[in-house]
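Enquirer: Once you've had a glance at the structure underneath, I'll fire off some questions.
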Amino acid sequence: MFEIFGLSSTALFGQLLIGLINGAFYAMMSLGVAIIFGMLRIANFVHGAQYMLGAFCAWFLLNLPVLFPGSGLPEIGYWPSLIIAPIVVGVVGIVTEKLFISKVYDLEHAYGVLLTLGLALVIEGLFHVKFGSAGQPYGIPPSLQGGQNLGFMFLPNYRAWVIVASIVICFGTWYSIERTKLGAYLRAATENPVLVQAFGINVPRMLTLTYALGVGLAGLAGVMAAPIYQVSPQMGQSIIIVIFAVVVIGGMGSIFGSIVSGFMLGLIEGLTKVFYPQGSSTVIFVIMAIVLLAKPAGLFGKT
Amino acid sequence: MSETATMAKEILSVKDLNAWYGESHILHGITINVRQGEVVTLLGRNGAGKTTTLKSIMGIVKNRKGSVMFEGSELIGRTSNQIARQGIAFCPEERGIFASLNVEENLELPPVVRPGGMTVPDIYKLFPNLDERRKSQGTKLSGGEQQMLAIGRILRTGAPLLLLDEPTEGLAPVIVQQIGRIIRTLKEKGFTILLVEQNFHFASTVADRHYVIEHGEVVHSMNNDEIAANRDKLEHFLGI
Ligand SMILES: Nc1ncnc2c1ncn2[C@@H]1O[C@H](COP(=O)(O)OP(=O)(O)OP(=O)(O)O)[C@@H](O)[C@H]1O
Ligand SMILES: [Mg+2]
């Protein structure tokens, strides 16, 4: 152990690790919000609720034998949930887009905000009625329990996994949008949907699938968050406001911007906790205000 | 009327086409026919309704009535993606090059709708400038190059009917000539082309027939060899 600025290395790196973990979730979440905003022009305020749905889905799957005793249903663990929950949340997203979101594309932005905010309140409200505000525990999968002593700090395996996995997910998503043929359709349709449709692409279906993709990412983040934060109906509420700040800082609709700002702001938040704890919950919003004044389109946004 | 044109069958037949933007009634019963292998132009001054005619055929303007028959099937009531899949390709007036795509990606974006379209190497042969700039951002090209790209990318799709909206607009005379050569080459290759133009000198170098549109109606139509005889009338209609 050594000291930096009068702080023990364990304390400093511990906070940085928390910052990095938060940043990993900010990045995965704001990535989905950015993809959805870029293509659908909808500020998806139900993203937090969809993240919560992902976590609850994993919790349900794990507790099937307890929830339905005598049904003979097996306990479905973390790894399968990592696949199943995003698909389930993605399908919920498809239904949501078809039933609600697609109805406000031609209206002003404010309607999209009101709609998605309303949906979030309804979904979170229903879960609150059923589960109350107490969090449900979700254990770390056995294969990722324990940790590594790095000398200057202790790194729990699960947290290392979350950081690596989120970097892979973010990079994979960025790559498939910026470097593949499918992504070229998405980029083109983001710029000029009318023309892309006139080339023979079913743009309304693309909008639905894009929404499902963004929402599926929220579901995936929710599963990964379950063992770290508790599975509770409010878990999405606390993160969604920060996510929008991250997206605004990165530049509305910028994929790359949302990833970089997500990790960066998580780290900054962690550092603030070390040096000026009182400011840690507001620092992101202060940065947002400064960025908006200096560069209204965001750090990586196109003007 | 040229001999091949009389013999060839109609590929596109527009009858009594009406179209609206919101409340404003723009097209008032357009009727035009295009035969297989022909190059036909729509002439007319600014705001006459030429672009609206192409967009209504293409289904981009959705609020439309009348009949648009393409290869024997009705297009009114279909969406633009379905119409594209039927075999019509559209090159917009503003060119519509995607800034977030490089030249290659722009070229390969429109999906193939029918076998027998041009291959990518064929297209690069027709537009050598594009070949050199494959990896450049689409909108970093010059105006002429962007126009070449906008035309080039719809040749891969296999669509037999091309709708070209003012491909010469704002381009230098030498580029206009080049586009003229390209249109003649495409005609030789068997494409049918409906071309919007304001420049009837240019139109007369590439087209078989012309329609003049004014206030959303066809006010005159003629074969290309009649253009000299109708010069005064044309200058009147085009406001030159
Ligand atoms: N999106 C729109 N909304 C409302 N009116 C429109 C719209 N687009 C075109 N118009 C109107 O429709 C009429 C026909 O326009 P159109 O674009 O078809 O003309 P054009 O013959 O192509 O003219 P130009 O040679 O200038 O391109 C014009 O009066 C124009 O103002
Ligand atoms: Mg026009």
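Quick note on naming: the chains in the structure tokens go A, B, ... in the order shown, residues restart at 1 in each chain, and ligands are numbered from 1 in order of appearance.
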Please produce, as CSV, a per-residue contact table for chain B versus chain A (criterion: any atom at most 7 Å away, only C-alpha atoms considered), showing the nearest atom pair and its distance in Å to one decimal, sorted by chain then residue number.
Expert:
```
residue,atom,partner,partner_atom,distance
B:Ile60,CA,A:Ala198,CA,6.9
B:Ser80,CA,A:Ala198,CA,4.9
B:Asn81,CA,A:Gly200,CA,3.7
B:Gln82,CA,A:Gly200,CA,6.3
B:Ala84,CA,A:Gly200,CA,4.8
B:Arg85,CA,A:Gly200,CA,5.4
B:Ala89,CA,A:Phe199,CA,6.8
B:Phe98,CA,A:Ala188,CA,6.0
B:Ser100,CA,A:Arg187,CA,6.3
B:Leu101,CA,A:Ala184,CA,6.7
B:Glu105,CA,A:Ala184,CA,6.9
B:Leu109,CA,A:Tyr185,CA,6.9
B:Pro110,CA,A:Phe199,CA,5.3
B:Pro111,CA,A:Gly200,CA,6.8
```
Enquirer: Using only C-alpha atoms, determine which residues lie at most 10 Å from Leu161 in chain B, disregarding the query and same-chain residues fewer than 6 positions distant; provide the list as a list in words.
Expert: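 Using only C-alpha atoms, the neighbours found are Ile11, Leu12, Val34, Gln36, Gly37, Glu38, Val39, Phe70, Ala84, Gln86, Gly87, Ile88, Ala89, Phe90, Leu155, Gly190, Phe191, Thr192, Ile193 and Leu194 of chain B.
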Enquirer: Would you save the residues of that selection, restricted to N, CA, C and O atoms, as a PDB file, in the first residue's frame?
Expert:
```pdb
ATOM      1  N   ILE B  11     -43.639   0.815 -70.468  1.00  0.00           N
ATOM      2  CA  ILE B  11     -43.157   0.279 -69.195  1.00  0.00           C
ATOM      3  C   ILE B  11     -43.810   1.055 -68.045  1.00  0.00           C
ATOM      4  O   ILE B  11     -44.126   0.504 -66.999  1.00  0.00           O
ATOM      5  N   LEU B  12     -44.040   2.355 -68.307  1.00  0.00           N
ATOM      6  CA  LEU B  12     -44.651   3.207 -67.281  1.00  0.00           C
ATOM      7  C   LEU B  12     -45.796   3.985 -67.908  1.00  0.00           C
ATOM      8  O   LEU B  12     -45.643   4.604 -68.963  1.00  0.00           O
ATOM      9  N   VAL B  34     -44.170   6.112 -70.823  1.00  0.00           N
ATOM     10  CA  VAL B  34     -42.773   5.873 -71.173  1.00  0.00           C
ATOM     11  C   VAL B  34     -42.664   4.450 -71.685  1.00  0.00           C
ATOM     12  O   VAL B  34     -43.167   3.518 -71.046  1.00  0.00           O
ATOM     13  N   GLN B  36     -40.494   1.097 -73.086  1.00  0.00           N
ATOM     14  CA  GLN B  36     -39.254   0.376 -72.781  1.00  0.00           C
ATOM     15  C   GLN B  36     -38.090   0.932 -73.605  1.00  0.00           C
ATOM     16  O   GLN B  36     -38.202   1.056 -74.825  1.00  0.00           O
ATOM     17  N   GLY B  37     -36.997   1.269 -72.935  1.00  0.00           N
ATOM     18  CA  GLY B  37     -35.797   1.697 -73.646  1.00  0.00           C
ATOM     19  C   GLY B  37     -35.768   3.167 -74.036  1.00  0.00           C
ATOM     20  O   GLY B  37     -34.778   3.647 -74.584  1.00  0.00           O
ATOM     21  N   GLU B  38     -36.839   3.911 -73.733  1.00  0.00           N
ATOM     22  CA  GLU B  38     -36.869   5.324 -74.100  1.00  0.00           C
ATOM     23  C   GLU B  38     -36.184   6.196 -73.047  1.00  0.00           C
ATOM     24  O   GLU B  38     -36.117   5.833 -71.867  1.00  0.00           O
ATOM     25  N   VAL B  39     -35.735   7.376 -73.498  1.00  0.00           N
ATOM     26  CA  VAL B  39     -35.379   8.439 -72.556  1.00  0.00           C
ATOM     27  C   VAL B  39     -36.406   9.543 -72.766  1.00  0.00           C
ATOM     28  O   VAL B  39     -36.542  10.073 -73.864  1.00  0.00           O
ATOM     29  N   PHE B  70     -46.800   0.338 -63.657  1.00  0.00           N
ATOM     30  CA  PHE B  70     -45.423   0.016 -64.016  1.00  0.00           C
ATOM     31  C   PHE B  70     -45.378  -1.458 -64.373  1.00  0.00           C
ATOM     32  O   PHE B  70     -45.751  -2.306 -63.563  1.00  0.00           O
ATOM     33  N   ALA B  84     -39.738   0.611 -55.089  1.00  0.00           N
ATOM     34  CA  ALA B  84     -38.343   0.380 -55.456  1.00  0.00           C
ATOM     35  C   ALA B  84     -38.116  -1.096 -55.765  1.00  0.00           C
ATOM     36  O   ALA B  84     -37.437  -1.449 -56.726  1.00  0.00           O
ATOM     37  N   GLN B  86     -40.165  -3.143 -56.918  1.00  0.00           N
ATOM     38  CA  GLN B  86     -40.785  -3.499 -58.201  1.00  0.00           C
ATOM     39  C   GLN B  86     -39.845  -3.263 -59.376  1.00  0.00           C
ATOM     40  O   GLN B  86     -40.043  -3.813 -60.442  1.00  0.00           O
ATOM     41  N   GLY B  87     -38.873  -2.352 -59.182  1.00  0.00           N
ATOM     42  CA  GLY B  87     -37.919  -2.133 -60.271  1.00  0.00           C
ATOM     43  C   GLY B  87     -37.794  -0.693 -60.734  1.00  0.00           C
ATOM     44  O   GLY B  87     -37.460  -0.440 -61.890  1.00  0.00           O
ATOM     45  N   ILE B  88     -38.059   0.270 -59.842  1.00  0.00           N
ATOM     46  CA  ILE B  88     -37.841   1.670 -60.211  1.00  0.00           C
ATOM     47  C   ILE B  88     -36.776   2.248 -59.275  1.00  0.00           C
ATOM     48  O   ILE B  88     -36.834   2.044 -58.070  1.00  0.00           O
ATOM     49  N   ALA B  89     -35.811   2.939 -59.845  1.00  0.00           N
ATOM     50  CA  ALA B  89     -34.762   3.530 -59.019  1.00  0.00           C
ATOM     51  C   ALA B  89     -34.796   5.047 -59.182  1.00  0.00           C
ATOM     52  O   ALA B  89     -35.028   5.556 -60.278  1.00  0.00           O
ATOM     53  N   PHE B  90     -34.560   5.748 -58.086  1.00  0.00           N
ATOM     54  CA  PHE B  90     -34.750   7.194 -58.034  1.00  0.00           C
ATOM     55  C   PHE B  90     -33.451   7.896 -57.677  1.00  0.00           C
ATOM     56  O   PHE B  90     -32.761   7.514 -56.727  1.00  0.00           O
ATOM     57  N   LEU B 155     -27.464   2.027 -60.390  1.00  0.00           N
ATOM     58  CA  LEU B 155     -27.308   1.152 -61.557  1.00  0.00           C
ATOM     59  C   LEU B 155     -27.071  -0.302 -61.155  1.00  0.00           C
ATOM     60  O   LEU B 155     -27.209  -1.209 -61.940  1.00  0.00           O
ATOM     61  N   GLY B 190     -29.866  -0.425 -72.349  1.00  0.00           N
ATOM     62  CA  GLY B 190     -31.236  -0.912 -72.242  1.00  0.00           C
ATOM     63  C   GLY B 190     -32.057  -0.297 -71.113  1.00  0.00           C
ATOM     64  O   GLY B 190     -33.205  -0.677 -70.900  1.00  0.00           O
ATOM     65  N   PHE B 191     -31.470   0.628 -70.351  1.00  0.00           N
ATOM     66  CA  PHE B 191     -32.248   1.275 -69.296  1.00  0.00           C
ATOM     67  C   PHE B 191     -33.321   2.177 -69.898  1.00  0.00           C
ATOM     68  O   PHE B 191     -33.119   2.772 -70.966  1.00  0.00           O
ATOM     69  N   THR B 192     -34.438   2.291 -69.217  1.00  0.00           N
ATOM     70  CA  THR B 192     -35.467   3.268 -69.560  1.00  0.00           C
ATOM     71  C   THR B 192     -35.300   4.427 -68.579  1.00  0.00           C
ATOM     72  O   THR B 192     -35.094   4.190 -67.390  1.00  0.00           O
ATOM     73  N   ILE B 193     -35.359   5.658 -69.092  1.00  0.00           N
ATOM     74  CA  ILE B 193     -35.057   6.790 -68.208  1.00  0.00           C
ATOM     75  C   ILE B 193     -36.130   7.865 -68.315  1.00  0.00           C
ATOM     76  O   ILE B 193     -36.505   8.286 -69.411  1.00  0.00           O
ATOM     77  N   LEU B 194     -36.632   8.275 -67.157  1.00  0.00           N
ATOM     78  CA  LEU B 194     -37.499   9.444 -67.080  1.00  0.00           C
ATOM     79  C   LEU B 194     -36.681  10.532 -66.397  1.00  0.00           C
ATOM     80  O   LEU B 194     -36.262  10.382 -65.255  1.00  0.00           O
TER      81      LEU B 194
END
```
Enquirer: Residues up to 8 Å from ligand 2, counting only C-alpha atoms and all ligand atoms: could you list those as a list in words?
Expert: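 Those within range of ligand 2 are Asn46, Gly47, Gly49, Lys50, Thr51, Thr52, Glu93, Asp165, Glu166 and Val196 of chain B.
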Enquirer: Please produce a file of the residues just selected, as a short mmCIF file (atom, residue, chain, number, x, y, z; two decimals), in the first residue's frame, where the atoms kept are C-alpha atoms.
Expert:
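Saved file selection_28.cif follows:
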```
data_model
loop_
_atom_site.label_atom_id
_atom_site.label_comp_id
_atom_site.auth_asym_id
_atom_site.auth_seq_id
_atom_site.Cartn_x
_atom_site.Cartn_y
_atom_site.Cartn_z
CA ASN B 46 -39.21 26.13 -61.23
CA GLY B 47 -42.12 24.95 -59.14
CA GLY B 49 -44.31 20.06 -60.36
CA LYS B 50 -41.59 17.99 -62.04
CA THR B 51 -40.01 16.72 -58.84
CA THR B 52 -43.44 16.13 -57.35
CA GLU B 93 -32.53 16.45 -57.22
CA ASP B 165 -34.19 14.54 -61.19
CA GLU B 166 -32.15 17.35 -62.80
CA VAL B 196 -36.38 15.94 -65.22
#
```
Enquirer: Enumerate residues in contact with ligand 1: an atom-to-atom distance of at most 10 Å, counting only C-alpha atoms and all ligand atoms. Format the result as a PyMOL selection string.
Expert: chain B and resi 19-27+42-56+61+93-94+165-166+169+196-198+213-216
Enquirer: Check the DSSP output for the backbone and give back, as a PyMOL selection string, the residues of range 72-176 of chain B in alpha helix (DSSP H).
Expert: chain B and resi 80-86+103-108+120-126+128-132+143-152+173-176
Enquirer: Can I get the residues of range 20-86 of chain A within 8 Å of range 109-112 of chain A, each with the closest pair of atoms and their distance in Å to one decimal, using only C-alpha atoms, sorted chain first then ascending number, as a Markdown table?
Expert:
```
| residue | atom | partner | partner_atom | distance |
| --- | --- | --- | --- | --- |
| A:Arg41 | CA | A:His109 | CA | 7.7 |
| A:Ile42 | CA | A:Gly112 | CA | 5.7 |
| A:Ala43 | CA | A:Gly112 | CA | 6.6 |
| A:Asn44 | CA | A:Gly112 | CA | 7.7 |
```
Enquirer: Do a neighbour search on range 102-107 of chain A at 10 Å with only C-alpha atoms, toss out local chain neighbours closer than 6 positions, and write the hits as a list in words.
Expert: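 What passes the distance filter is Leu40, Arg41, Ile42, Thr96, Val113, Leu115, Pro204, Leu207 and Thr208 of chain A.
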Enquirer: Just the residues within 12 Å of Gly14 in chain A, please, counting only C-alpha atoms, with nothing from its chain fewer than 5 positions along; format it as a list in words.
Expert: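 Counting only the stated atoms, we get Leu7, Ser8, Ser9, Gly19, Leu20, Ile21, Leu150, Phe152, Met153, Phe154, Leu155, Pro156, Arg159, Leu267, Gly270, Leu271, Lys273 and Val274 of chain A.
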Enquirer: Using C-alpha atoms, can you write the selected residues to a file as a short mmCIF file (atom, residue, chain, number, x, y, z; two decimals), in the first residue's frame?
Expert:
```cif
data_model
loop_
_atom_site.label_atom_id
_atom_site.label_comp_id
_atom_site.auth_asym_id
_atom_site.auth_seq_id
_atom_site.Cartn_x
_atom_site.Cartn_y
_atom_site.Cartn_z
CA LEU A 7 -4.84 9.13 0.40
CA SER A 8 -4.20 5.44 0.65
CA SER A 9 -3.91 3.77 -2.71
CA GLY A 19 -16.25 4.97 -10.99
CA LEU A 20 -15.18 2.65 -13.76
CA ILE A 21 -17.99 0.20 -12.96
CA LEU A 150 -3.29 -6.58 -7.40
CA PHE A 152 -2.27 -1.75 -4.73
CA MET A 153 -5.88 -2.85 -4.51
CA PHE A 154 -8.27 -5.78 -4.40
CA LEU A 155 -10.14 -6.41 -7.67
CA PRO A 156 -13.28 -8.54 -7.37
CA ARG A 159 -16.30 -6.29 -11.38
CA LEU A 267 -14.33 7.95 -13.58
CA GLY A 270 -15.40 8.37 -8.76
CA LEU A 271 -12.55 10.87 -8.45
CA LYS A 273 -15.98 11.08 -4.43
CA VAL A 274 -12.37 10.91 -3.30
#
```
Enquirer: Need the shell around Ile30 in chain B: protein/DNA/RNA residues with any atom at most 8 Å away, counting only C-alpha atoms. Skip same-chain ones fewer than 6 positions apart. Format as a CSV table (one decimal) with N, CA and C atoms, in the first residue's frame?
Expert:
```
chain,number,residue,atom,x,y,z
B,14,VAL,N,-48.6,6.7,-66.6
B,14,VAL,CA,-49.2,7.6,-65.5
B,14,VAL,C,-50.5,8.2,-66.1
B,15,LYS,N,-51.6,8.0,-65.4
B,15,LYS,CA,-52.8,8.6,-65.8
B,15,LYS,C,-53.5,9.4,-64.8
B,16,ASP,N,-53.8,10.6,-65.1
B,16,ASP,CA,-54.6,11.5,-64.3
B,16,ASP,C,-54.0,11.6,-62.8
B,17,LEU,N,-52.7,11.7,-62.7
B,17,LEU,CA,-52.1,11.7,-61.4
B,17,LEU,C,-52.3,13.1,-60.7
B,18,ASN,N,-52.8,13.0,-59.5
B,18,ASN,CA,-53.0,14.2,-58.7
B,18,ASN,C,-52.2,14.0,-57.4
B,53,THR,N,-43.9,15.1,-59.5
B,53,THR,CA,-44.3,14.0,-60.4
B,53,THR,C,-43.4,12.7,-60.1
B,216,GLY,N,-48.5,21.9,-62.5
B,216,GLY,CA,-49.0,20.5,-62.2
B,216,GLY,C,-49.8,19.8,-63.3
B,217,GLU,N,-49.6,20.3,-64.5
B,217,GLU,CA,-50.3,19.7,-65.7
B,217,GLU,C,-49.3,19.5,-66.8
B,218,VAL,N,-49.6,18.5,-67.7
B,218,VAL,CA,-48.8,18.4,-68.9
B,218,VAL,C,-49.4,19.4,-69.9
```
Enquirer: Find, counting only C-alpha atoms, the residue in B:Gly144, B:Gly158, B:Ala172, B:Ile182 that gets nearest to Lys125 in chain B.
Expert: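 Under the stated criterion, the closest residue is B:Ile182.
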Enquirer: If you count only C-alpha atoms, which residues fall within 9 Å of Ile35 in chain A, apart from same-chain ones fewer than 5 positions away, as a list in words?
Expert: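 The neighbour list is Ser30, Leu40, Thr210, Tyr211, Leu213, Gly214, Gly253, Ser254 and Ile255 of chain A.
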Enquirer: Write out as a ChimeraX atom specification all residues of range 9-158 of chain A that backbone DSSP assigns to strand (DSSP E).
Expert: /A:147-149,154-156
Enquirer: Can I get the selection written as an mmCIF file, in the first residue's frame, with all heavy atoms?
Expert:
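As written to disk, selection.cif reads:
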```
data_model
loop_
_atom_site.group_PDB
_atom_site.id
_atom_site.type_symbol
_atom_site.label_atom_id
_atom_site.label_comp_id
_atom_site.auth_asym_id
_atom_site.auth_seq_id
_atom_site.Cartn_x
_atom_site.Cartn_y
_atom_site.Cartn_z
ATOM 1 N N GLY A 147 -11.730 -12.786 -6.006
ATOM 2 C CA GLY A 147 -11.087 -11.640 -6.635
ATOM 3 C C GLY A 147 -9.586 -11.789 -6.679
ATOM 4 O O GLY A 147 -9.040 -12.819 -6.269
ATOM 5 N N GLN A 148 -8.946 -10.753 -7.198
ATOM 6 C CA GLN A 148 -7.493 -10.764 -7.337
ATOM 7 C C GLN A 148 -6.902 -9.658 -6.477
ATOM 8 O O GLN A 148 -7.391 -8.540 -6.499
ATOM 9 C CB GLN A 148 -7.087 -10.477 -8.800
ATOM 10 C CG GLN A 148 -7.861 -11.248 -9.839
ATOM 11 C CD GLN A 148 -7.612 -12.739 -9.738
ATOM 12 O OE1 GLN A 148 -6.503 -13.172 -9.409
ATOM 13 N NE2 GLN A 148 -8.647 -13.546 -9.970
ATOM 14 N N ASN A 149 -5.818 -10.005 -5.781
ATOM 15 C CA ASN A 149 -5.095 -8.959 -5.077
ATOM 16 C C ASN A 149 -4.027 -8.406 -6.006
ATOM 17 O O ASN A 149 -3.088 -9.085 -6.371
ATOM 18 C CB ASN A 149 -4.465 -9.522 -3.809
ATOM 19 C CG ASN A 149 -3.961 -8.395 -2.924
ATOM 20 O OD1 ASN A 149 -3.835 -7.257 -3.382
ATOM 21 N ND2 ASN A 149 -3.686 -8.719 -1.672
ATOM 22 N N PHE A 154 -7.636 -4.494 -4.221
ATOM 23 C CA PHE A 154 -8.269 -5.780 -4.402
ATOM 24 C C PHE A 154 -9.312 -5.647 -5.513
ATOM 25 O O PHE A 154 -10.162 -4.766 -5.471
ATOM 26 C CB PHE A 154 -8.937 -6.221 -3.088
ATOM 27 C CG PHE A 154 -9.618 -7.553 -3.202
ATOM 28 C CD1 PHE A 154 -8.875 -8.740 -3.197
ATOM 29 C CD2 PHE A 154 -11.011 -7.622 -3.320
ATOM 30 C CE1 PHE A 154 -9.509 -9.973 -3.302
ATOM 31 C CE2 PHE A 154 -11.648 -8.862 -3.427
ATOM 32 C CZ PHE A 154 -10.902 -10.033 -3.419
ATOM 33 N N LEU A 155 -9.208 -6.499 -6.546
ATOM 34 C CA LEU A 155 -10.136 -6.415 -7.671
ATOM 35 C C LEU A 155 -11.064 -7.626 -7.681
ATOM 36 O O LEU A 155 -10.637 -8.737 -7.988
ATOM 37 C CB LEU A 155 -9.354 -6.348 -8.993
ATOM 38 C CG LEU A 155 -10.199 -6.319 -10.276
ATOM 39 C CD1 LEU A 155 -11.048 -5.058 -10.342
ATOM 40 C CD2 LEU A 155 -9.305 -6.420 -11.507
ATOM 41 N N PRO A 156 -12.347 -7.406 -7.326
ATOM 42 C CA PRO A 156 -13.283 -8.543 -7.369
ATOM 43 C C PRO A 156 -13.451 -9.030 -8.805
ATOM 44 O O PRO A 156 -13.548 -8.222 -9.733
ATOM 45 C CB PRO A 156 -14.603 -7.942 -6.847
ATOM 46 C CG PRO A 156 -14.221 -6.664 -6.178
ATOM 47 C CD PRO A 156 -12.993 -6.173 -6.882
#
```
Enquirer: Which is closer to Pro167 in chain B than all the others in B:Met69, B:Ile227, B:Met118, B:Ala203, using only C-alpha atoms?
Expert: B:Ala203
Enquirer: For each of A:Phe285, A:Trp174, A:Phe45, A:Tyr78, take the minimum atom-to-atom distance to Leu186 in chain A, counting only C-alpha atoms, then give the residue where this is smallest.
Expert: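 Closest candidate: A:Trp174.
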Enquirer: Can you tell me, as a list in words, what residues are no more than 10 Å from range 134-139 of chain A when counting only C-alpha atoms, ignoring any on the same chain fewer than 3 positions away?
Expert: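 Here the qualifying residues turn out to be Ala55, Phe56, Ala58, Trp59, Leu62, Asn63, Gly77, Tyr78, His128, Phe131, Pro142, Gln145, Val223, Ala225, Ala226, Pro227, Ile228, Tyr229, Gln230, Val231, Ser232, Pro233, Gln234 and Met235 of chain A.
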Enquirer: Output N, CA, C and O atoms of each residue in that selection to a file, as a short mmCIF file (atom, residue, chain, number, x, y, z; two decimals), in the first residue's frame.
Expert:
```
data_model
loop_
_atom_site.label_atom_id
_atom_site.label_comp_id
_atom_site.auth_asym_id
_atom_site.auth_seq_id
_atom_site.Cartn_x
_atom_site.Cartn_y
_atom_site.Cartn_z
N ALA A 55 -32.92 -6.60 -15.23
CA ALA A 55 -32.48 -7.13 -13.94
C ALA A 55 -33.55 -8.03 -13.33
O ALA A 55 -33.25 -9.12 -12.82
N PHE A 56 -34.82 -7.58 -13.39
CA PHE A 56 -35.89 -8.40 -12.83
C PHE A 56 -36.06 -9.70 -13.60
O PHE A 56 -36.38 -10.75 -13.02
N ALA A 58 -33.72 -11.44 -15.00
CA ALA A 58 -32.70 -12.35 -14.49
C ALA A 58 -33.11 -12.90 -13.13
O ALA A 58 -32.94 -14.09 -12.83
N TRP A 59 -33.65 -12.04 -12.29
CA TRP A 59 -34.07 -12.45 -10.95
C TRP A 59 -35.20 -13.49 -11.02
O TRP A 59 -35.18 -14.49 -10.32
N LEU A 62 -33.86 -16.83 -12.12
CA LEU A 62 -33.10 -17.50 -11.06
C LEU A 62 -34.04 -18.08 -10.01
O LEU A 62 -33.76 -19.11 -9.41
N ASN A 63 -35.17 -17.40 -9.81
CA ASN A 63 -36.07 -17.80 -8.74
C ASN A 63 -37.30 -18.58 -9.21
O ASN A 63 -38.27 -18.70 -8.47
N GLY A 77 -29.76 -19.61 -14.34
CA GLY A 77 -28.74 -18.76 -13.72
C GLY A 77 -28.31 -17.57 -14.55
O GLY A 77 -28.90 -17.25 -15.59
N TYR A 78 -27.24 -16.96 -14.10
CA TYR A 78 -26.74 -15.72 -14.67
C TYR A 78 -26.39 -15.84 -16.14
O TYR A 78 -26.82 -15.01 -16.95
N HIS A 128 -43.35 -1.49 -8.40
CA HIS A 128 -43.32 -1.02 -7.02
C HIS A 128 -44.48 -1.62 -6.23
O HIS A 128 -44.34 -2.05 -5.09
N PHE A 131 -43.51 -5.36 -5.72
CA PHE A 131 -42.29 -5.72 -4.98
C PHE A 131 -41.89 -4.74 -3.89
O PHE A 131 -40.93 -4.98 -3.17
N PRO A 142 -21.35 -18.16 -9.33
CA PRO A 142 -20.24 -18.86 -8.65
C PRO A 142 -18.93 -18.78 -9.41
O PRO A 142 -17.87 -18.61 -8.80
N GLN A 145 -17.04 -15.53 -8.45
CA GLN A 145 -16.84 -15.08 -7.08
C GLN A 145 -15.36 -14.95 -6.78
O GLN A 145 -14.52 -15.43 -7.53
N VAL A 223 -29.10 -7.02 -16.41
CA VAL A 223 -28.65 -8.33 -15.89
C VAL A 223 -27.26 -8.18 -15.26
O VAL A 223 -27.01 -8.69 -14.17
N ALA A 225 -26.00 -5.63 -13.99
CA ALA A 225 -26.06 -4.80 -12.79
C ALA A 225 -26.62 -5.55 -11.59
O ALA A 225 -26.32 -5.22 -10.44
N ALA A 226 -27.44 -6.59 -11.87
CA ALA A 226 -28.15 -7.26 -10.78
C ALA A 226 -27.26 -7.69 -9.62
O ALA A 226 -27.58 -7.44 -8.46
N PRO A 227 -26.11 -8.32 -9.87
CA PRO A 227 -25.28 -8.74 -8.73
C PRO A 227 -24.55 -7.58 -8.04
O PRO A 227 -24.01 -7.77 -6.95
N ILE A 228 -24.49 -6.40 -8.65
CA ILE A 228 -23.74 -5.29 -8.06
C ILE A 228 -24.65 -4.37 -7.28
O ILE A 228 -24.42 -4.07 -6.11
N TYR A 229 -25.68 -3.88 -7.96
CA TYR A 229 -26.67 -3.04 -7.28
C TYR A 229 -27.79 -4.01 -6.94
O TYR A 229 -27.82 -5.13 -7.42
N GLN A 230 -28.75 -3.62 -6.18
CA GLN A 230 -29.83 -4.57 -5.92
C GLN A 230 -30.87 -4.52 -7.02
O GLN A 230 -30.96 -3.54 -7.75
N VAL A 231 -31.63 -5.59 -7.15
CA VAL A 231 -32.70 -5.63 -8.14
C VAL A 231 -33.92 -4.96 -7.51
O VAL A 231 -34.59 -5.56 -6.68
N SER A 232 -34.16 -3.70 -7.87
CA SER A 232 -35.28 -3.01 -7.25
C SER A 232 -36.03 -2.19 -8.29
O SER A 232 -35.45 -1.79 -9.31
N PRO A 233 -37.31 -1.91 -8.03
CA PRO A 233 -38.10 -1.15 -9.02
C PRO A 233 -37.53 0.24 -9.29
O PRO A 233 -37.76 0.79 -10.36
N GLN A 234 -36.76 0.80 -8.34
CA GLN A 234 -36.25 2.17 -8.55
C GLN A 234 -34.90 2.20 -9.25
O GLN A 234 -34.38 3.28 -9.53
N MET A 235 -34.30 1.03 -9.48
CA MET A 235 -32.91 1.06 -9.95
C MET A 235 -32.75 1.84 -11.26
O MET A 235 -31.70 2.44 -11.50
#
```
Enquirer: Using CA of Ala221 in chain A and CA of Tyr276 in chain A as the two end points, give the distance in Å to one decimal.
Expert: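 Here the two named atoms are 28.4 Å from each other.
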